[in-house]
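S.K.: Sharing input.pdb (PDB, C-alpha atoms) below.
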```
MODEL        1
ATOM      1  CA  MET A1150      16.876  -0.113  24.807
ATOM      2  CA  LYS A1151      19.522   1.750  26.759
ATOM      3  CA  GLU A1152      17.383   2.972  29.646
ATOM      4  CA  VAL A1153      15.113  -0.017  30.285
ATOM      5  CA  LEU A1154      16.783  -3.025  28.668
ATOM      6  CA  LYS A1155      20.291  -1.855  29.624
ATOM      7  CA  PHE A1156      21.819  -2.496  26.222
ATOM      8  CA  ASP A1157      25.311  -1.242  25.527
ATOM      9  CA  ILE A1158      25.223   1.951  23.435
ATOM     10  CA  LYS A1159      27.347   0.334  20.689
ATOM     11  CA  ALA A1160      25.044  -2.650  20.495
ATOM     12  CA  ASN A1161      22.033  -0.325  20.665
ATOM     13  CA  GLY A1162      22.789   1.188  17.256
ATOM     14  CA  GLY A1163      22.839  -2.154  15.470
ATOM     15  CA  LEU A1164      19.797  -3.499  17.281
ATOM     16  CA  SER A1165      17.806  -0.357  16.521
ATOM     17  CA  ALA A1166      18.267  -1.048  12.820
ATOM     18  CA  VAL A1167      16.908  -4.613  13.024
ATOM     19  CA  PRO A1168      13.193  -3.646  13.137
ATOM     20  CA  TYR A1169      13.477  -1.489  10.029
ATOM     21  CA  LEU A1170      15.348  -4.206   8.195
ATOM     22  CA  CYS A1171      12.414  -6.496   8.961
ATOM     23  CA  GLN A1172      10.032  -3.816   7.703
ATOM     24  CA  PHE A1173      11.940  -3.615   4.432
ATOM     25  CA  PHE A1174      11.388  -7.275   3.635
ATOM     26  CA  SER A1175       7.780  -7.356   4.861
ATOM     27  CA  ALA A1176       6.870  -4.376   2.655
ATOM     28  CA  ILE A1177       8.232  -6.111  -0.451
ATOM     29  CA  PHE A1178       6.413  -9.319   0.385
ATOM     30  CA  ALA A1179       3.150  -7.504   1.155
ATOM     31  CA  GLY A1180       3.126  -5.718  -2.184
ATOM     32  CA  GLN A1181       3.748  -8.879  -4.176
ATOM     33  CA  PHE A1182       1.234 -10.931  -2.210
ATOM     34  CA  ALA A1183      -1.466  -8.253  -2.448
ATOM     35  CA  ASP A1184      -1.063  -8.064  -6.222
ATOM     36  CA  PHE A1185      -1.281 -11.856  -6.398
ATOM     37  CA  LEU A1186      -4.571 -11.875  -4.476
ATOM     38  CA  ARG A1187      -6.035  -9.155  -6.678
ATOM     39  CA  SER A1188      -4.822 -10.560 -10.000
ATOM     40  CA  ARG A1189      -6.280 -13.973  -9.207
ATOM     41  CA  GLN A1190      -9.489 -12.281  -8.024
ATOM     42  CA  ILE A1191      -9.219 -14.020  -4.670
ATOM     43  CA  LEU A1192      -9.937 -10.718  -2.940
ATOM     44  CA  SER A1193     -11.321  -7.450  -4.231
ATOM     45  CA  THR A1194      -9.140  -4.360  -4.109
ATOM     46  CA  THR A1195     -11.129  -2.927  -1.209
ATOM     47  CA  LEU A1196     -10.959  -6.119   0.834
ATOM     48  CA  THR A1197      -7.255  -6.504   0.062
ATOM     49  CA  ARG A1198      -6.431  -3.016   1.324
ATOM     50  CA  LYS A1199      -8.518  -3.390   4.463
ATOM     51  CA  SER A1200      -7.152  -6.868   5.225
ATOM     52  CA  PHE A1201      -3.505  -5.866   4.914
ATOM     53  CA  GLN A1202      -3.986  -2.671   6.912
ATOM     54  CA  THR A1203      -5.835  -4.493   9.676
ATOM     55  CA  PHE A1204      -3.131  -7.149   9.788
ATOM     56  CA  ALA A1205      -0.447  -4.451   9.957
ATOM     57  CA  PHE A1206      -2.007  -2.406  12.756
ATOM     58  CA  ALA A1207      -3.270  -5.358  14.805
ATOM     59  CA  GLY A1208       0.070  -7.146  14.646
ATOM     60  CA  ALA A1209       2.041  -4.018  15.502
ATOM     61  CA  GLY A1210      -0.246  -3.104  18.399
ATOM     62  CA  GLY A1211      -0.153  -6.589  19.871
ATOM     63  CA  CYS A1212       3.631  -6.786  19.712
ATOM     64  CA  LEU A1213       4.013  -3.362  21.317
ATOM     65  CA  ILE A1214       1.795  -4.348  24.226
ATOM     66  CA  GLY A1215       3.867  -7.490  24.697
ATOM     67  CA  THR A1216       7.069  -5.452  24.615
ATOM     68  CA  GLY A1217       5.824  -3.371  27.527
ATOM     69  CA  PHE A1218       5.927  -6.420  29.800
ATOM     70  CA  CYS A1219       9.566  -7.276  29.016
ATOM     71  CA  ASP A1220      12.325  -6.280  31.368
ATOM     72  CA  CYS A1221      16.115  -6.484  31.153
ATOM     73  CA  GLU A1222      15.974 -10.203  31.935
ATOM     74  CA  HIS A1223      14.019 -10.768  28.716
ATOM     75  CA  ARG A1224      15.909  -8.427  26.453
ATOM     76  CA  THR A1225      16.020 -10.835  23.531
ATOM     77  CA  LEU A1226      12.255 -11.242  23.626
ATOM     78  CA  ALA A1227      11.799  -7.470  23.778
ATOM     79  CA  VAL A1228      13.970  -6.913  20.708
ATOM     80  CA  THR A1229      12.116  -9.681  18.877
ATOM     81  CA  LEU A1230       8.727  -8.154  19.652
ATOM     82  CA  LEU A1231       9.869  -4.682  18.647
ATOM     83  CA  SER A1232      11.230  -6.055  15.389
ATOM     84  CA  LEU A1233       7.973  -7.856  14.724
ATOM     85  CA  ALA A1234       5.965  -4.724  15.533
ATOM     86  CA  VAL A1235       7.836  -2.670  12.938
ATOM     87  CA  MET A1236       7.765  -5.614  10.518
ATOM     88  CA  PHE A1237       3.964  -5.663  10.729
ATOM     89  CA  THR A1238       3.818  -2.002   9.758
ATOM     90  CA  GLY A1239       5.468  -2.995   6.478
ATOM     91  CA  PHE A1240       2.251  -4.749   5.488
ATOM     92  CA  GLY A1241       0.622  -1.329   5.480
ATOM     93  CA  ARG A1242       2.445  -0.676   2.198
ATOM     94  CA  ALA A1243      -0.229  -2.849   0.606
ATOM     95  CA  GLY A1244      -2.915  -1.078   2.635
ATOM     96  CA  TYR A1245      -3.360   2.646   3.072
ATOM     97  CA  VAL A1246      -0.067   3.668   1.430
ATOM     98  CA  VAL A1247      -1.019   2.543  -2.074
ATOM     99  CA  ASN A1248      -4.744   3.127  -1.595
ATOM    100  CA  HIS A1249      -4.512   6.619  -3.093
ATOM    101  CA  VAL A1250      -3.833   5.071  -6.493
ATOM    102  CA  ASP A1251      -6.946   2.911  -6.176
ATOM    103  CA  PHE A1252      -9.602   5.541  -5.559
ATOM    104  CA  ALA A1253      -8.036   8.574  -7.281
ATOM    105  CA  PRO A1254      -5.129   7.639  -9.566
ATOM    106  CA  LYS A1255      -5.076  11.029 -11.278
ATOM    107  CA  TYR A1256      -4.673  12.854  -7.964
ATOM    108  CA  ALA A1257      -2.700  10.189  -6.086
ATOM    109  CA  GLY A1258       0.470  12.279  -5.838
ATOM    110  CA  VAL A1259      -1.305  15.316  -4.408
ATOM    111  CA  LEU A1260      -3.386  13.234  -2.013
ATOM    112  CA  PHE A1261      -0.383  11.305  -0.746
ATOM    113  CA  GLY A1262       1.452  14.569  -0.178
ATOM    114  CA  ILE A1263      -1.445  15.919   1.888
ATOM    115  CA  THR A1264      -2.003  12.766   3.946
ATOM    116  CA  ASN A1265       1.708  12.176   4.492
ATOM    117  CA  THR A1266       2.146  15.756   5.669
ATOM    118  CA  ILE A1267      -0.627  15.262   8.217
ATOM    119  CA  ALA A1268       0.983  11.960   9.221
ATOM    120  CA  THR A1269       4.163  13.783  10.254
ATOM    121  CA  ILE A1270       2.298  15.415  13.145
ATOM    122  CA  PRO A1271       2.350  12.249  15.318
ATOM    123  CA  GLY A1272       6.025  11.869  14.458
ATOM    124  CA  MET A1273       6.691  15.284  15.981
ATOM    125  CA  THR A1274       4.442  14.917  19.006
ATOM    126  CA  ALA A1275       5.235  11.279  19.876
ATOM    127  CA  PRO A1276       8.686  12.004  21.387
ATOM    128  CA  LEU A1277       7.178  14.777  23.504
ATOM    129  CA  LEU A1278       4.405  12.509  24.731
ATOM    130  CA  ALA A1279       6.831   9.653  25.404
ATOM    131  CA  GLY A1280       9.063  11.976  27.416
ATOM    132  CA  TYR A1281       6.080  13.203  29.392
ATOM    133  CA  LEU A1282       4.921   9.662  30.188
ATOM    134  CA  THR A1283       8.391   8.365  31.125
ATOM    135  CA  PRO A1284       9.998  10.853  33.526
ATOM    136  CA  ASN A1285      11.790   8.039  35.362
ATOM    137  CA  ASN A1286      12.246   5.614  32.430
ATOM    138  CA  THR A1287      10.758   2.710  34.325
ATOM    139  CA  PRO A1288       9.266  -0.346  32.565
ATOM    140  CA  GLU A1289       5.848   0.553  33.903
ATOM    141  CA  GLU A1290       6.021   4.030  32.393
ATOM    142  CA  TRP A1291       7.111   2.700  29.014
ATOM    143  CA  ARG A1292       4.278   0.207  29.189
ATOM    144  CA  ASN A1293       1.874   3.146  29.149
ATOM    145  CA  VAL A1294       3.611   4.494  26.043
ATOM    146  CA  PHE A1295       3.080   1.192  24.268
ATOM    147  CA  TYR A1296      -0.564   1.186  25.358
ATOM    148  CA  VAL A1297      -1.058   4.561  23.683
ATOM    149  CA  CYS A1298       0.592   3.296  20.488
ATOM    150  CA  ALA A1299      -1.629   0.216  20.455
ATOM    151  CA  GLY A1300      -4.664   2.442  21.011
ATOM    152  CA  PHE A1301      -3.825   4.487  17.925
ATOM    153  CA  ASP A1302      -3.438   1.259  15.948
ATOM    154  CA  ALA A1303      -6.894   0.120  17.032
ATOM    155  CA  PHE A1304      -8.355   3.509  16.127
ATOM    156  CA  GLY A1305      -6.687   3.341  12.709
ATOM    157  CA  ILE A1306      -8.189  -0.093  12.042
ATOM    158  CA  LEU A1307     -11.657   1.170  12.921
ATOM    159  CA  ILE A1308     -11.478   4.253  10.705
ATOM    160  CA  PHE A1309      -9.922   2.512   7.710
ATOM    161  CA  CYS A1310     -12.335  -0.419   7.804
ATOM    162  CA  ILE A1311     -15.318   1.947   7.891
ATOM    163  CA  PHE A1312     -14.257   4.549   5.337
ATOM    164  CA  GLY A1313     -11.577   2.783   3.275
ATOM    165  CA  SER A1314     -12.332   1.869  -0.346
ATOM    166  CA  GLY A1315     -10.431   0.407  -3.270
ATOM    167  CA  GLU A1316     -12.877   1.614  -5.926
ATOM    168  CA  MET A1317     -12.323   4.711  -8.034
ATOM    169  CA  GLN A1318     -14.376   7.606  -6.762
ATOM    170  CA  ASP A1319     -16.717   9.547  -9.038
ATOM    171  CA  TRP A1320     -15.026  12.864  -8.299
ATOM    172  CA  ALA A1321     -11.695  11.391  -9.469
ATOM    173  CA  ARG A1322     -12.953  10.472 -12.942
ATOM    174  CA  ASP A1323     -12.070  12.653 -15.924
ATOM    175  CA  GLU A1324     -15.392  12.657 -17.763
ATOM    176  CA  ASP A1325     -14.469  15.548 -20.068
ATOM    177  CA  PHE A1326     -11.877  13.558 -21.965
ATOM    178  CA  GLU A1327     -13.206  11.405 -24.794
ATOM    179  CA  ALA A1328     -11.570  10.218 -27.993
ATOM    180  CA  ASP A1329     -12.496   7.928 -30.845
ATOM    181  CA  ILE A1330      -9.652   6.060 -32.496
ATOM    182  CA  GLN A1331     -10.191   3.930 -35.586
ATOM    183  CA  VAL A1332      -7.564   1.481 -36.749
ATOM    184  CA  GLY A1333      -7.606  -0.139 -40.207
ATOM    185  CA  THR A1334     -11.359  -0.263 -40.711
ATOM    186  CA  THR A1335     -13.407  -0.521 -43.900
ATOM    187  CA  ASP A1336     -17.099  -0.512 -44.565
ATOM    188  CA  ASN A1337     -17.232  -4.312 -44.653
ATOM    189  CA  ASP A1338     -15.046  -4.981 -41.620
ATOM    190  CA  GLU A1339     -16.572  -6.350 -38.444
ATOM    191  CA  THR A1340     -15.620  -4.036 -35.594
ATOM    192  CA  LYS A1341     -15.826  -3.967 -31.846
ATOM    193  CA  THR A1342     -15.622  -1.172 -29.260
ATOM    194  CA  THR A1343     -13.481  -1.265 -26.131
ATOM    195  CA  SER A1344     -14.114   1.267 -23.370
ATOM    196  CA  LEU A1345     -11.367   2.336 -20.988
ATOM    197  CA  GLU A1346     -13.113   3.371 -17.782
ATOM    198  CA  ASP A1347     -10.493   5.743 -16.472
ATOM    199  CA  GLU A1348     -10.225   7.990 -19.554
ATOM    200  CA  HIS A1349     -13.472   7.073 -21.318
ATOM    201  CA  VAL A1350     -11.651   6.290 -24.536
ATOM    202  CA  GLU A1351     -13.544   4.377 -27.183
ATOM    203  CA  THR A1352     -11.232   2.522 -29.523
ATOM    204  CA  THR A1353     -12.612   0.925 -32.646
ATOM    205  CA  ILE A1354     -10.467  -2.014 -33.764
ATOM    206  CA  ASP A1355     -10.796  -4.304 -36.721
ATOM    207  CA  SER A1356     -11.786  -7.614 -35.111
ATOM    208  CA  THR A1357     -10.858  -9.816 -38.032
ATOM    209  CA  THR A1358      -7.363  -9.385 -39.409
ATOM    210  CA  GLN A1359      -6.746  -5.619 -38.876
ATOM    211  CA  ASN A1360      -5.598  -5.507 -42.493
ATOM    212  CA  ILE A1361      -2.597  -7.700 -41.735
ATOM    213  CA  ASN A1362      -3.226  -9.584 -44.955
ATOM    214  CA  TYR A1363      -2.853  -6.349 -46.868
ATOM    215  CA  GLY A1364       0.868  -6.327 -46.223
ATOM    216  CA  PHE A1365       1.297  -9.870 -47.504
ATOM    217  CA  GLU A1366      -0.706  -9.150 -50.658
ATOM    218  CA  GLU A1367       1.341  -6.049 -51.394
ATOM    219  CA  GLN A1368       4.559  -7.976 -50.884
ATOM    220  CA  LYS A1369       3.319 -10.706 -53.236
ATOM    221  CA  GLU A1370       2.497  -8.169 -55.993
ATOM    222  CA  ASN A1371       5.959  -6.647 -55.722
ATOM    223  CA  THR A1372       7.521 -10.074 -56.064
ATOM    224  CA  ASN A1373       5.521 -10.849 -59.222
ATOM    225  CA  LEU A1374       6.659  -7.583 -60.744
TER     226      LEU A1374
ENDMDL
END
```
Can you give me the file's structure in the form of structure tokens?

M.R.:
Amino acid sequence: MKEVLKFDIKANGGLSAVPYLCQFFSAIFAGQFADFLRSRQILSTTLTRKSFQTFAFAGAGGCLIGTGFCDCEHRTLAVTLLSLAVMFTGFGRAGYVVNHVDFAPKYAGVLFGITNTIATIPGMTAPLLAGYLTPNNTPEEWRNVFYVCAGFDAFGILIFCIFGSGEMQDWARDEDFEADIQVGTTDNDETKTTSLEDEHVETTIDSTTQNINYGFEEQKENTNL
């Protein structure tokens, strides 16, 4: 903003915070909207994750390319596009960020730690690459930087759409853990079995009254006494 758009350094600080403020609100909205789509079974978990991630990367890449064609005469447009680009990345919170919980909930913390550690590598190399591509800080040089960013977005869309999944993976299931729990059953009670897929727990529950009437009968006997 200072070198190309010629913003005052005092104004630069406030304007630099605008994109991340937009990302904050978009991330909250994305999470709520994704859960709405899944709870109403409008989209499957896999399709929800891929849709939101594609929307995030495609929107961010498009806005970055547009920003590269803005000069100091269109500073307002440049700031708007940059803000929108970062705002679009907020939709990724309903995409790859939470996807670890979908396919391996038991190992989600470890997996997120591994993937997020790897994700810090571009954060360290990006400033070096940007400095290499912009020795004179001209708009044309920064345009190439935005092209590279958009290229990584396109590559991310391709990889995630091919390999991404919202279904629990077989290797993430804990098949060794099984338990049978019986609640208030008698020989004459009609029962049903509920299976919890994640932990393979079979719970036998009285499907009639679960002996609720027993409490009322006991209370009645005490009153008669």

S.K.: Excluding stretch 1283-1289 of chain A and any residue of its chain fewer than 3 positions from it, enumerate the residues within 8 Å of it, using all atoms listed in the file, and give them as a list of chain:residue names.

M.R.: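 In the requested form, the answer reads A:Glu1152, A:Val1153, A:Gly1217, A:Phe1218, A:Cys1219, A:Asp1220, A:Ala1279, A:Gly1280, A:Arg1292, A:Asn1293, A:Val1294.
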
S.K.: Do you have the atom CA of A:Val1247-atom CA of A:Gly1315 distance handy?

M.R.: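 A separation of 9.7 Å between them.
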
S.K.: Just so the selection is clear, what residues does the PyMOL selection byres ((chain A and resi 1309) around 10) cover here, as number ranges by chain?

M.R.: A: 1198-1199, 1202-1203, 1244-1245, 1304-1308, 1310-1314

S.K.: Taking 4 positions as the minimum chain separation for residues in the same chain, which residues sit within 9 Å of stretch 1251-1262 of chain A when counting all atoms listed in the file? Answer as a PDB file with C-alpha atoms, in the coordinates of the input.

M.R.:
```pdb
ATOM      1  CA  THR A1194      -9.140  -4.360  -4.109  1.00  0.00           C
ATOM      2  CA  THR A1195     -11.129  -2.927  -1.209  1.00  0.00           C
ATOM      3  CA  VAL A1246      -0.067   3.668   1.430  1.00  0.00           C
ATOM      4  CA  VAL A1247      -1.019   2.543  -2.074  1.00  0.00           C
ATOM      5  CA  THR A1266       2.146  15.756   5.669  1.00  0.00           C
ATOM      6  CA  ILE A1267      -0.627  15.262   8.217  1.00  0.00           C
ATOM      7  CA  SER A1314     -12.332   1.869  -0.346  1.00  0.00           C
ATOM      8  CA  GLY A1315     -10.431   0.407  -3.270  1.00  0.00           C
ATOM      9  CA  GLU A1316     -12.877   1.614  -5.926  1.00  0.00           C
ATOM     10  CA  MET A1317     -12.323   4.711  -8.034  1.00  0.00           C
ATOM     11  CA  GLN A1318     -14.376   7.606  -6.762  1.00  0.00           C
ATOM     12  CA  ASP A1319     -16.717   9.547  -9.038  1.00  0.00           C
ATOM     13  CA  TRP A1320     -15.026  12.864  -8.299  1.00  0.00           C
ATOM     14  CA  ALA A1321     -11.695  11.391  -9.469  1.00  0.00           C
ATOM     15  CA  ARG A1322     -12.953  10.472 -12.942  1.00  0.00           C
ATOM     16  CA  ASP A1323     -12.070  12.653 -15.924  1.00  0.00           C
ATOM     17  CA  ASP A1347     -10.493   5.743 -16.472  1.00  0.00           C
TER      18      ASP A1347
END
```

S.K.: May I ask which of the residues A:Thr1269, A:Ser1165, A:Thr1238, A:Ser1193 is the closest one to A:Ala1179, counting all atoms listed in the file?

M.R.: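 With all atoms listed in the file as the atom set, the closest residue is A:Thr1238.
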
S.K.: For A:Leu1233, work out the shell of residues within 7 Å, counting all atoms listed in the file and skipping chain neighbours fewer than 3 positions away, then give it as number ranges by chain.

M.R.: A: 1168, 1212, 1229-1230, 1236-1237

S.K.: Just the number, please: distance in Å from atom CA of A:Val1235 to atom CA of A:Ala1209, one decimal.

M.R.: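 If I compute the distance from atom CA of A:Val1235 to atom CA of A:Ala1209, I get 6.5 Å.
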
S.K.: Would you mind telling me which residue in A:Leu1231, A:Ala1205, A:Leu1226, A:Leu1196 lies nearest to A:Tyr1169 when using all atoms listed in the file?

M.R.: A:Leu1231

S.K.: Using all atoms listed in the file, find the one residue out of A:Phe1173, A:Tyr1296, A:Trp1291, A:Phe1185 that sits nearest to A:Gly1241.

M.R.: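 Of A:Phe1173, A:Tyr1296, A:Trp1291, A:Phe1185, the one nearest A:Gly1241, counting all atoms listed in the file, is A:Phe1173.
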
S.K.: I'd like to know which of A:Ala1303, A:Ala1207, A:Cys1298, A:Ile1263 is closest to A:Leu1278, using all atoms listed in the file.

M.R.: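 Closest candidate: A:Cys1298.
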
S.K.: Which distance in Å separates atom CA of A:Phe1206 and atom CA of A:Ala1268, to one decimal?

M.R.: 15.1 Å

S.K.: So, with only C-alpha atoms as the atoms that count, which of A:Thr1197, A:Gly1163, A:His1223, A:Pro1276 lies closest to A:Asp1184?

M.R.: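 So, comparing all the options, the nearest one is A:Thr1197.
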
S.K.: Complete the atoms of stretch 1249-1283 of chain A to N, CA and C atoms and put them out as a short mmCIF file (atom, residue, chain, number, x, y, z; two decimals), keeping the file's coordinate frame.

M.R.:
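Contents of the output file out25.cif:
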```cif
data_model
loop_
_atom_site.label_atom_id
_atom_site.label_comp_id
_atom_site.auth_asym_id
_atom_site.auth_seq_id
_atom_site.Cartn_x
_atom_site.Cartn_y
_atom_site.Cartn_z
N HIS A 1249 -4.25 5.40 -2.33
CA HIS A 1249 -4.51 6.62 -3.09
C HIS A 1249 -4.62 6.33 -4.59
N VAL A 1250 -3.82 5.41 -5.07
CA VAL A 1250 -3.83 5.07 -6.49
C VAL A 1250 -5.12 4.34 -6.86
N ASP A 1251 -5.72 3.66 -5.91
CA ASP A 1251 -6.95 2.91 -6.18
C ASP A 1251 -8.14 3.83 -6.40
N PHE A 1252 -8.36 4.76 -5.49
CA PHE A 1252 -9.60 5.54 -5.56
C PHE A 1252 -9.45 6.87 -6.28
N ALA A 1253 -8.22 7.33 -6.54
CA ALA A 1253 -8.04 8.57 -7.28
C ALA A 1253 -6.65 8.57 -7.94
N PRO A 1254 -6.47 7.75 -8.96
CA PRO A 1254 -5.13 7.64 -9.57
C PRO A 1254 -4.61 8.95 -10.14
N LYS A 1255 -5.51 9.76 -10.68
CA LYS A 1255 -5.08 11.03 -11.28
C LYS A 1255 -4.54 12.00 -10.24
N TYR A 1256 -5.06 11.92 -9.01
CA TYR A 1256 -4.67 12.85 -7.96
C TYR A 1256 -3.88 12.17 -6.85
N ALA A 1257 -3.37 10.97 -7.12
CA ALA A 1257 -2.70 10.19 -6.09
C ALA A 1257 -1.50 10.92 -5.49
N GLY A 1258 -0.71 11.57 -6.33
CA GLY A 1258 0.47 12.28 -5.84
C GLY A 1258 0.12 13.40 -4.88
N VAL A 1259 -0.88 14.20 -5.26
CA VAL A 1259 -1.30 15.32 -4.41
C VAL A 1259 -1.90 14.80 -3.10
N LEU A 1260 -2.75 13.78 -3.20
CA LEU A 1260 -3.39 13.23 -2.01
C LEU A 1260 -2.37 12.62 -1.06
N PHE A 1261 -1.40 11.91 -1.62
CA PHE A 1261 -0.38 11.30 -0.75
C PHE A 1261 0.45 12.39 -0.07
N GLY A 1262 0.72 13.46 -0.79
CA GLY A 1262 1.45 14.57 -0.18
C GLY A 1262 0.70 15.19 0.99
N ILE A 1263 -0.62 15.33 0.83
CA ILE A 1263 -1.44 15.92 1.89
C ILE A 1263 -1.51 14.98 3.10
N THR A 1264 -1.85 13.71 2.83
CA THR A 1264 -2.00 12.77 3.95
C THR A 1264 -0.67 12.50 4.64
N ASN A 1265 0.41 12.44 3.87
CA ASN A 1265 1.71 12.18 4.49
C ASN A 1265 2.19 13.37 5.31
N THR A 1266 1.81 14.56 4.88
CA THR A 1266 2.15 15.76 5.67
C THR A 1266 1.43 15.73 7.01
N ILE A 1267 0.13 15.37 6.97
CA ILE A 1267 -0.63 15.26 8.22
C ILE A 1267 -0.05 14.15 9.10
N ALA A 1268 0.44 13.10 8.47
CA ALA A 1268 0.98 11.96 9.22
C ALA A 1268 2.28 12.30 9.94
N THR A 1269 2.93 13.40 9.56
CA THR A 1269 4.16 13.78 10.25
C THR A 1269 3.88 14.40 11.63
N ILE A 1270 2.63 14.80 11.85
CA ILE A 1270 2.30 15.42 13.14
C ILE A 1270 2.52 14.45 14.30
N PRO A 1271 2.03 13.19 14.23
CA PRO A 1271 2.35 12.25 15.32
C PRO A 1271 3.84 12.01 15.47
N GLY A 1272 4.58 12.06 14.35
CA GLY A 1272 6.02 11.87 14.46
C GLY A 1272 6.70 12.98 15.25
N MET A 1273 6.12 14.16 15.22
CA MET A 1273 6.69 15.28 15.98
C MET A 1273 6.22 15.29 17.43
N THR A 1274 4.99 14.86 17.65
CA THR A 1274 4.44 14.92 19.01
C THR A 1274 4.74 13.66 19.83
N ALA A 1275 5.00 12.54 19.16
CA ALA A 1275 5.24 11.28 19.88
C ALA A 1275 6.42 11.37 20.84
N PRO A 1276 7.58 11.91 20.42
CA PRO A 1276 8.69 12.00 21.39
C PRO A 1276 8.35 12.87 22.60
N LEU A 1277 7.57 13.92 22.39
CA LEU A 1277 7.18 14.78 23.50
C LEU A 1277 6.26 14.02 24.47
N LEU A 1278 5.31 13.27 23.89
CA LEU A 1278 4.40 12.51 24.73
C LEU A 1278 5.14 11.39 25.46
N ALA A 1279 6.07 10.72 24.76
CA ALA A 1279 6.83 9.65 25.40
C ALA A 1279 7.67 10.20 26.55
N GLY A 1280 8.28 11.36 26.34
CA GLY A 1280 9.06 11.98 27.42
C GLY A 1280 8.21 12.37 28.60
N TYR A 1281 6.99 12.82 28.32
CA TYR A 1281 6.08 13.20 29.39
C TYR A 1281 5.63 11.98 30.20
N LEU A 1282 5.41 10.87 29.51
CA LEU A 1282 4.92 9.66 30.19
C LEU A 1282 6.02 8.85 30.86
N THR A 1283 7.28 9.16 30.55
CA THR A 1283 8.39 8.36 31.12
C THR A 1283 9.41 9.27 31.81
#
```
